[in-house]
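Q: Data: upload_22.cif, mmCIF, C-alpha atoms.
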data_run
#
loop_
_atom_site.label_atom_id
_atom_site.label_comp_id
_atom_site.auth_asym_id
_atom_site.auth_seq_id
_atom_site.Cartn_x
_atom_site.Cartn_y
_atom_site.Cartn_z
CA MET A 18 119.77 89.62 84.31
CA ILE A 19 119.45 90.28 80.63
CA ILE A 20 116.32 88.41 79.56
CA ILE A 21 115.25 85.46 81.69
CA GLU A 22 116.48 84.41 85.09
CA TRP A 23 115.91 81.41 87.36
CA LEU A 24 115.58 82.51 90.98
CA GLN A 25 114.82 81.26 94.44
CA ALA A 26 112.60 83.07 96.92
CA TYR A 27 113.08 83.35 100.69
CA GLY A 28 110.89 84.87 103.34
CA PRO A 29 107.31 84.92 104.51
CA SER A 30 106.00 87.97 102.71
CA MET A 31 104.48 86.19 99.70
CA VAL A 32 102.89 83.22 101.52
CA PRO A 33 100.91 81.34 100.24
CA THR A 34 101.97 82.15 96.69
CA PHE A 35 105.60 81.39 97.57
CA ASN A 36 106.49 79.32 100.61
CA LEU A 37 108.86 80.36 103.35
CA THR A 38 112.01 79.06 101.67
CA GLY A 39 113.13 77.43 98.52
CA ASP A 40 110.41 78.03 95.93
CA MET A 41 111.98 78.56 92.52
CA PHE A 42 110.58 80.58 89.70
CA LEU A 43 111.40 82.19 86.36
CA ALA A 44 111.39 85.92 85.85
CA GLU A 45 111.86 87.98 82.74
CA ARG A 46 112.99 91.53 82.19
CA LEU A 47 111.50 92.49 78.84
CA SER A 48 107.99 93.20 80.19
CA ILE A 49 109.45 95.75 82.59
CA LYS A 50 111.45 97.45 79.85
CA PHE A 51 108.39 97.76 77.63
CA GLY A 52 105.98 98.69 80.39
CA LYS A 53 103.88 95.54 80.00
CA VAL A 54 103.21 95.07 83.71
CA GLY A 55 100.02 95.83 85.54
CA PRO A 56 98.24 95.41 88.87
CA GLY A 57 98.18 91.76 89.93
CA ASN A 58 101.56 90.82 88.44
CA ILE A 59 104.25 89.42 90.71
CA ILE A 60 107.41 91.45 90.24
CA LEU A 61 111.01 91.63 91.36
CA LEU A 62 111.92 94.90 92.96
CA ARG A 63 115.21 96.31 94.21
CA SER A 64 114.65 97.37 97.81
CA PRO A 65 114.55 101.17 98.33
CA GLU A 66 116.16 100.61 101.74
CA PHE A 67 118.84 98.03 100.90
CA PRO A 68 119.94 98.38 97.26
CA ARG A 69 121.75 95.02 97.30
CA LYS A 70 118.51 93.20 98.09
CA VAL A 71 115.96 92.20 95.42
CA MET A 72 112.46 91.49 96.75
CA VAL A 73 109.51 89.59 95.31
CA LYS A 74 106.21 91.43 95.72
CA ARG A 75 102.91 91.88 93.96
CA LEU A 76 102.32 95.03 91.95
CA LEU A 77 99.08 96.64 93.08
CA GLY A 78 99.14 100.12 91.58
CA LEU A 79 100.80 101.99 88.71
CA GLU A 80 101.15 105.73 88.33
CA SER A 81 97.91 107.68 88.70
CA HIS A 82 96.19 104.65 90.27
CA SER A 83 94.50 104.94 93.61
CA VAL A 84 95.38 102.16 96.08
CA THR A 85 93.53 101.15 99.25
CA TYR A 86 95.53 99.28 101.85
CA VAL A 87 95.08 98.01 105.40
CA ILE A 88 97.29 100.09 107.66
CA GLU A 89 97.93 97.61 110.49
CA PRO A 90 96.37 94.24 109.69
CA MET A 91 97.46 92.72 113.02
CA LYS A 92 95.61 95.37 115.01
CA SER A 93 92.58 96.52 113.07
CA ASP A 94 90.81 96.65 109.71
CA ARG A 95 91.37 100.37 109.20
CA CYS A 96 92.20 101.24 105.61
CA ASP A 97 93.75 104.20 103.88
CA THR A 98 93.65 105.26 100.24
CA ILE A 99 96.61 106.82 98.49
CA GLY A 100 97.30 108.01 94.95
CA VAL A 101 100.41 106.76 93.17
CA PRO A 102 102.44 109.61 91.64
CA LYS A 103 103.91 109.71 88.14
CA GLY A 104 106.74 107.27 87.55
CA HIS A 105 106.04 105.30 90.73
CA VAL A 106 104.38 102.01 91.70
CA TRP A 107 102.75 100.50 94.79
CA VAL A 108 103.76 96.97 95.83
CA GLU A 109 102.60 94.66 98.61
CA GLY A 110 103.39 91.14 99.69
CA ASP A 111 100.54 88.62 99.52
CA ASN A 112 101.07 87.96 103.24
CA ILE A 113 100.23 91.43 104.53
CA TYR A 114 100.72 90.27 108.12
CA ASN A 115 104.44 89.72 107.59
CA SER A 116 105.65 91.81 104.69
CA ARG A 117 107.74 94.95 104.44
CA ASP A 118 106.43 96.76 101.38
CA SER A 119 104.91 100.02 100.15
CA ARG A 120 102.78 100.21 103.29
CA GLN A 121 106.01 100.90 105.19
CA PHE A 122 108.34 102.51 102.66
CA GLY A 123 105.77 104.15 100.37
CA HIS A 124 105.43 104.16 96.60
CA VAL A 125 108.67 103.34 94.80
CA PRO A 126 110.02 104.58 91.46
CA TYR A 127 109.27 102.29 88.50
CA GLY A 128 113.02 102.22 87.80
CA LEU A 129 113.50 99.91 90.80
CA LEU A 130 111.55 97.10 89.10
CA GLU A 131 113.91 94.34 88.01
CA GLY A 132 111.68 91.68 86.48
CA LYS A 133 108.28 90.06 86.17
CA VAL A 134 107.74 86.57 87.59
CA PHE A 135 105.84 84.42 85.12
CA CYS A 136 106.34 80.78 86.06
CA LYS A 137 106.89 78.78 89.23
CA ILE A 138 109.28 75.86 88.84
CA TRP A 139 109.70 74.28 92.29
CA PRO A 140 108.10 72.56 94.17
CA SER A 141 107.15 70.52 91.13
CA LYS A 142 103.59 69.94 92.21
CA GLU A 143 103.07 73.71 92.12
CA PHE A 144 104.74 74.08 88.73
CA GLY A 145 103.02 76.41 86.33
CA SER A 146 102.25 79.94 85.41
CA LEU A 147 101.20 82.16 88.26
CA MET A 148 97.68 83.51 88.09
CA LYS A 149 97.42 87.25 87.67
CA SER A 150 96.00 87.83 91.10
CA GLY A 151 96.22 85.35 93.93
CA MET A 152 94.37 87.06 96.73
CA LYS A 153 93.27 90.46 95.53
CA ASP A 154 90.99 91.40 92.68
CA PRO A 155 92.91 93.84 90.46
CA ASP A 156 89.63 95.39 89.30
CA SER A 157 89.10 96.87 92.74
CA TYR A 158 91.97 99.28 92.08
CA SER A 159 91.36 102.04 89.57
CA MET B 22 125.85 77.72 47.87
CA GLY B 23 129.12 79.49 48.60
CA THR B 24 127.67 82.99 48.98
CA GLN B 25 124.83 81.73 51.18
CA SER B 26 127.19 80.17 53.72
CA LEU B 27 129.36 83.31 53.56
CA LEU B 28 126.31 85.43 54.36
CA TRP B 29 125.29 83.10 57.18
CA ASN B 30 128.81 83.21 58.63
CA SER B 31 128.72 86.99 58.58
CA VAL B 32 125.34 87.03 60.30
CA LYS B 33 126.60 84.66 63.00
CA LYS B 34 129.71 86.78 63.60
CA PHE B 35 127.61 89.93 63.76
CA LEU B 36 125.19 88.40 66.28
CA THR B 37 128.05 87.08 68.43
CA CYS B 38 129.75 90.47 68.49
CA GLY B 39 126.43 92.08 69.29
CA LEU B 40 125.81 89.75 72.23
CA ILE B 41 129.34 90.25 73.58
CA GLY B 42 128.97 94.01 73.24
CA LEU B 43 125.60 93.94 75.00
CA THR B 44 126.97 91.85 77.88
CA ILE B 45 130.00 94.09 78.35
CA SER B 46 127.90 97.23 78.32
CA ASP B 47 125.36 95.72 80.70
CA ARG B 48 127.79 94.30 83.27
CA TYR B 49 131.14 96.04 83.02
CA ALA B 50 131.31 99.44 81.35
CA SER B 51 129.82 101.50 78.55
CA ILE B 52 130.38 104.83 76.86
CA VAL B 53 127.49 107.28 76.85
CA PRO B 54 126.95 110.84 75.60
CA VAL B 55 126.16 113.60 78.08
CA ARG B 56 123.24 115.78 77.01
CA GLY B 57 122.56 119.20 78.45
CA ALA B 58 124.51 121.61 80.62
CA SER B 59 123.43 120.55 84.12
CA MET B 60 126.93 119.18 84.86
CA SER B 61 128.79 122.13 83.39
CA PRO B 62 131.75 122.76 83.60
CA THR B 63 132.60 119.12 84.40
CA PHE B 64 130.80 117.96 81.23
CA ASN B 65 129.75 120.09 78.23
CA PRO B 66 131.44 123.22 79.60
CA ARG B 67 130.19 125.49 76.85
CA ALA B 68 126.81 125.19 75.20
CA ARG B 69 128.30 123.70 72.07
CA ASN B 70 125.63 122.50 69.74
CA PHE B 71 127.63 120.07 67.70
CA THR B 72 129.48 117.75 70.07
CA ASP B 73 128.39 116.37 73.41
CA ASP B 74 130.96 115.01 75.80
CA TYR B 75 131.23 111.22 75.93
CA VAL B 76 132.00 109.54 79.24
CA LEU B 77 132.95 106.07 80.46
CA VAL B 78 130.40 104.55 82.84
CA GLU B 79 131.50 101.58 84.96
CA LYS B 80 129.04 99.04 86.33
CA PHE B 81 131.28 97.29 88.87
CA CYS B 82 129.94 99.62 91.56
CA LEU B 83 126.56 97.86 91.21
CA LYS B 84 127.86 94.73 92.91
CA LYS B 85 128.02 96.42 96.31
CA TYR B 86 126.25 99.77 95.82
CA GLU B 87 129.03 101.47 97.79
CA PHE B 88 129.41 105.04 96.66
CA SER B 89 131.44 107.98 97.91
CA HIS B 90 130.61 111.63 98.31
CA GLY B 91 131.31 113.36 95.03
CA ASP B 92 130.83 110.32 92.74
CA VAL B 93 129.20 111.19 89.43
CA VAL B 94 126.55 108.58 88.66
CA VAL B 95 124.03 107.63 85.97
CA PHE B 96 120.55 106.91 87.35
CA CYS B 97 116.98 106.35 86.13
CA SER B 98 114.75 109.33 86.64
CA PRO B 99 112.28 108.76 89.51
CA SER B 100 109.48 110.30 87.46
CA ASN B 101 110.18 108.50 84.18
CA HIS B 102 112.11 105.23 84.21
CA LYS B 103 112.97 105.53 80.52
CA GLU B 104 115.09 108.66 81.11
CA LYS B 105 118.58 108.46 82.50
CA HIS B 106 120.28 111.38 84.19
CA ILE B 107 123.90 112.08 85.14
CA LYS B 108 124.48 113.94 88.41
CA ARG B 109 126.86 114.00 91.33
CA ILE B 110 126.18 112.27 94.67
CA ILE B 111 126.37 114.96 97.33
CA ALA B 112 125.05 113.03 100.34
CA LEU B 113 124.77 109.36 101.28
CA PRO B 114 122.31 107.49 103.54
CA GLY B 115 122.22 108.95 107.04
CA ASP B 116 123.81 112.28 106.06
CA TRP B 117 122.24 115.62 106.86
CA ILE B 118 122.16 117.95 103.85
CA GLY B 119 121.41 121.65 103.71
CA ALA B 120 118.95 122.34 100.91
CA THR B 121 116.83 125.34 100.00
CA HIS B 122 113.21 124.46 99.41
CA ASN B 123 110.78 127.16 98.20
CA SER B 124 113.29 129.76 99.43
CA HIS B 125 113.28 128.27 102.96
CA ASP B 126 116.62 126.95 104.16
CA ASP B 127 116.10 123.42 105.29
CA VAL B 128 118.19 120.58 106.65
CA LEU B 129 117.13 117.10 105.54
CA LYS B 130 118.27 113.67 106.58
CA VAL B 131 118.94 111.32 103.68
CA PRO B 132 116.90 108.14 104.35
CA LYS B 133 118.35 104.62 104.49
CA GLY B 134 119.18 103.28 101.03
CA HIS B 135 118.87 106.71 99.36
CA CYS B 136 121.26 109.42 98.16
CA TRP B 137 121.09 113.13 97.33
CA VAL B 138 122.19 114.06 93.82
CA GLU B 139 122.89 117.48 92.34
CA GLY B 140 124.21 118.82 89.06
CA ASP B 141 127.44 120.82 89.14
CA ASN B 142 125.63 123.66 87.36
CA SER B 143 123.07 124.42 90.06
CA ALA B 144 121.46 127.19 88.04
CA SER B 145 120.29 124.75 85.39
CA SER B 146 119.88 121.33 86.91
CA MET B 147 116.84 119.18 87.74
CA ASP B 148 118.05 117.15 90.68
CA SER B 149 117.32 116.19 94.30
CA ARG B 150 116.51 119.82 95.06
CA SER B 151 113.29 119.24 93.08
CA PHE B 152 112.58 115.50 93.32
CA GLY B 153 114.16 114.71 96.69
CA PRO B 154 116.59 111.95 97.58
CA ILE B 155 116.59 108.96 95.23
CA PRO B 156 116.94 105.25 96.10
CA LEU B 157 120.45 103.96 95.40
CA GLY B 158 118.77 101.14 93.46
CA LEU B 159 118.06 103.64 90.67
CA VAL B 160 121.79 104.15 90.07
CA LYS B 161 122.90 102.33 86.94
CA GLY B 162 126.61 103.15 86.84
CA ARG B 163 129.41 105.47 87.91
CA VAL B 164 131.15 107.91 85.57
CA THR B 165 134.91 107.55 85.83
CA HIS B 166 136.42 109.26 82.78
CA VAL B 167 135.68 111.71 80.01
CA VAL B 168 136.62 109.97 76.75
CA TRP B 169 135.60 112.61 74.18
CA PRO B 170 136.56 115.28 73.07
CA PRO B 171 140.24 114.35 73.02
CA GLN B 172 141.45 117.60 74.60
CA ARG B 173 139.32 116.87 77.69
CA ILE B 174 140.09 113.18 78.16
CA GLY B 175 140.73 112.52 81.82
CA LEU B 176 139.56 111.30 85.18
CA VAL B 177 136.35 112.70 86.66
CA GLU B 178 137.30 114.08 90.07
CA ARG B 179 135.32 113.59 93.25
CA VAL B 180 134.40 117.03 94.54
CA PHE B 181 131.42 118.11 96.59
CA PRO B 182 130.31 121.03 98.77
CA GLN B 183 131.53 119.75 102.13
CA GLU B 184 130.08 122.70 103.99
CA ARG B 185 126.53 121.59 103.17
CA VAL B 186 126.81 117.97 104.24
CA SER B 187 127.27 116.41 107.69
CA SER B 188 127.84 112.72 108.11
CA PHE B 189 127.77 111.29 111.60
CA LYS B 190 129.06 107.75 111.26
#
Now, as a test, write the supplied structure out as structure tokens.
A:
Amino acid sequence: MIIIEWLQAYGPSMVPTFNLTGDMFLAERLSIKFGKVGPGNIILLRSPEFPRKVMVKRLLGLESHSVTYVIEPMKSDRCDTIGVPKGHVWVEGDNIYNSRDSRQFGHVPYGLLEGKVFCKIWPSKEFGSLMKSGMKDPDSYS
Amino acid sequence: MGTQSLLWNSVKKFLTCGLIGLTISDRYASIVPVRGASMSPTFNPRARNFTDDYVLVEKFCLKKYEFSHGDVVVFCSPSNHKEKHIKRIIALPGDWIGATHNSHDDVLKVPKGHCWVEGDNSASSMDSRSFGPIPLGLVKGRVTHVVWPPQRIGLVERVFPQERVSSFK
């Protein structure tokens, strides 16, 4: 992708922001190149485990931020807090009950970010720009 | 006016060439300079101050992310995404690599989706021995040839310290 790309999302990890299959959205690359992303943005990320796979997740922490996450949401409410090192980011799916993200594979290098999602296209009744934070208040991360 | 349309034509040609060049360098191959001596003697064999080696970087490898032991690759630094480094892949996912950490000899397993990179000049190279294995997703291309200076034009060979790496596949 050079500047803007039209993509389709699959999988349960970003429910309800993106449905299980078939939601389409636009993503752009320039914000990533110029560092204009922050907590609350939905981003595209190349998987640190499967480099051919690009995932859609929400950015929750940049370098030197401190992130609090629920360790095992299916079992308990226990939380842990972790600092994000230099050059890395912390990402989570909106559906923390069914999402493989930084809670499993840890903070990832910023260089794995591929794009920022800015507009949902399909289904047409959900067309429009995506709010900065769907479920989580970005101000709770510092 | 005649000169105005001539100028506009030139601008259009320039922009078209620019876009084609950008697409080629983004998707297929580009030529980049090698800075520093961390890959000496493969690149920049003597600390010459006036010319860096230039190498050809191919991007076709990014379709499948299939690399071999000994490939020289360009990757984004894990601590600063704006910096790109050139190092050699020594170990692939699932390999066990012998590395010395804080003067302790250690054997590490390279995690899924990651690789272990080292510079050929181990005395002066910031690589996986300091920042650990890197995700293969950070790799932005593979170096295939040296294209400058003319007396060193040639293929970049795949070599790696086989005694330090075990792959059980």
Q: List the residues selected by the PyMOL selection byres ((chain B) within 7 of (chain A)) in the file shown, writing them as a PDB file with C-alpha atoms, in the frame of the given file.
A:
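Contents of selection-v1.pdb, as written:
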ATOM      1  CA  LYS B  85     128.020  96.420  96.310  1.00  0.00           C
ATOM      2  CA  TYR B  86     126.250  99.770  95.820  1.00  0.00           C
ATOM      3  CA  CYS B  97     116.980 106.350  86.130  1.00  0.00           C
ATOM      4  CA  PRO B  99     112.280 108.760  89.510  1.00  0.00           C
ATOM      5  CA  SER B 100     109.480 110.300  87.460  1.00  0.00           C
ATOM      6  CA  ASN B 101     110.180 108.500  84.180  1.00  0.00           C
ATOM      7  CA  HIS B 102     112.110 105.230  84.210  1.00  0.00           C
ATOM      8  CA  LYS B 133     118.350 104.620 104.490  1.00  0.00           C
ATOM      9  CA  GLY B 134     119.180 103.280 101.030  1.00  0.00           C
ATOM     10  CA  PRO B 156     116.940 105.250  96.100  1.00  0.00           C
ATOM     11  CA  LEU B 157     120.450 103.960  95.400  1.00  0.00           C
ATOM     12  CA  GLY B 158     118.770 101.140  93.460  1.00  0.00           C
ATOM     13  CA  LEU B 159     118.060 103.640  90.670  1.00  0.00           C
TER      14      LEU B 159
END
Q: Need the neighbours of (121.7, 88.6, 77.6): which residues are at most 10 Å away, counting only C-alpha atoms, as JSON, numbers by chain?
A: {"A": [18, 19, 20, 21], "B": [40, 41, 43, 44, 45, 47]}
Q: Residues picked by the PyMOL selection byres ((chain B and resi 144-150) around 8) here, as a PyMOL selection string?
A: chain B and resi 58-60+108+120-122+137-143+151-155
Q: Quick check, in Å to one decimal: how far apart do CA of Leu24 in chain A and CA of Pro56 in chain A lie?
A: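 Between CA of Leu24 in chain A and CA of Pro56 in chain A the gap works out to 21.7 Å.
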Q: What does the distance from CA of Lys137 in chain A to CA of Asp40 in chain A come to in Å, to one decimal?
A: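 Computing the Euclidean distance for CA of Lys137 in chain A and CA of Asp40 in chain A yields 7.6 Å.
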Q: Report, in Å to a single decimal, how far apart CA of Ile52 in chain B and CA of Gly39 in chain B are.
A: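 Result for CA of Gly39 in chain B versus CA of Ile52 in chain B: 15.3 Å, one decimal.
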Q: Extending 5 Å beyond the listed atoms of range 88-100 of chain B on each side, what axis-aligned box results? I want centre and edge lengths in Å to one decimal, as lines of an AutoDock Vina configuration file.
A:
center_x = 120.5
center_y = 109.2
center_z = 92.1
size_x = 32.0
size_y = 18.3
size_z = 22.3
Q: Apply the PyMOL selection byres ((chain A and resi 114-119) around 12) to the structure shown and report the selected residues as a VMD selection string.
A: chain A and resid 27 to 33 37 62 to 66 72 to 78 84 to 94 99 101 105 to 113 120 to 126
Q: Show me the residues close to (127.7, 103.8, 94.0) - anything with an atom within 6 Å, counting all atoms listed in the file - and format the list as JSON, numbers by chain.
A: {"B": [82, 86, 87, 88]}
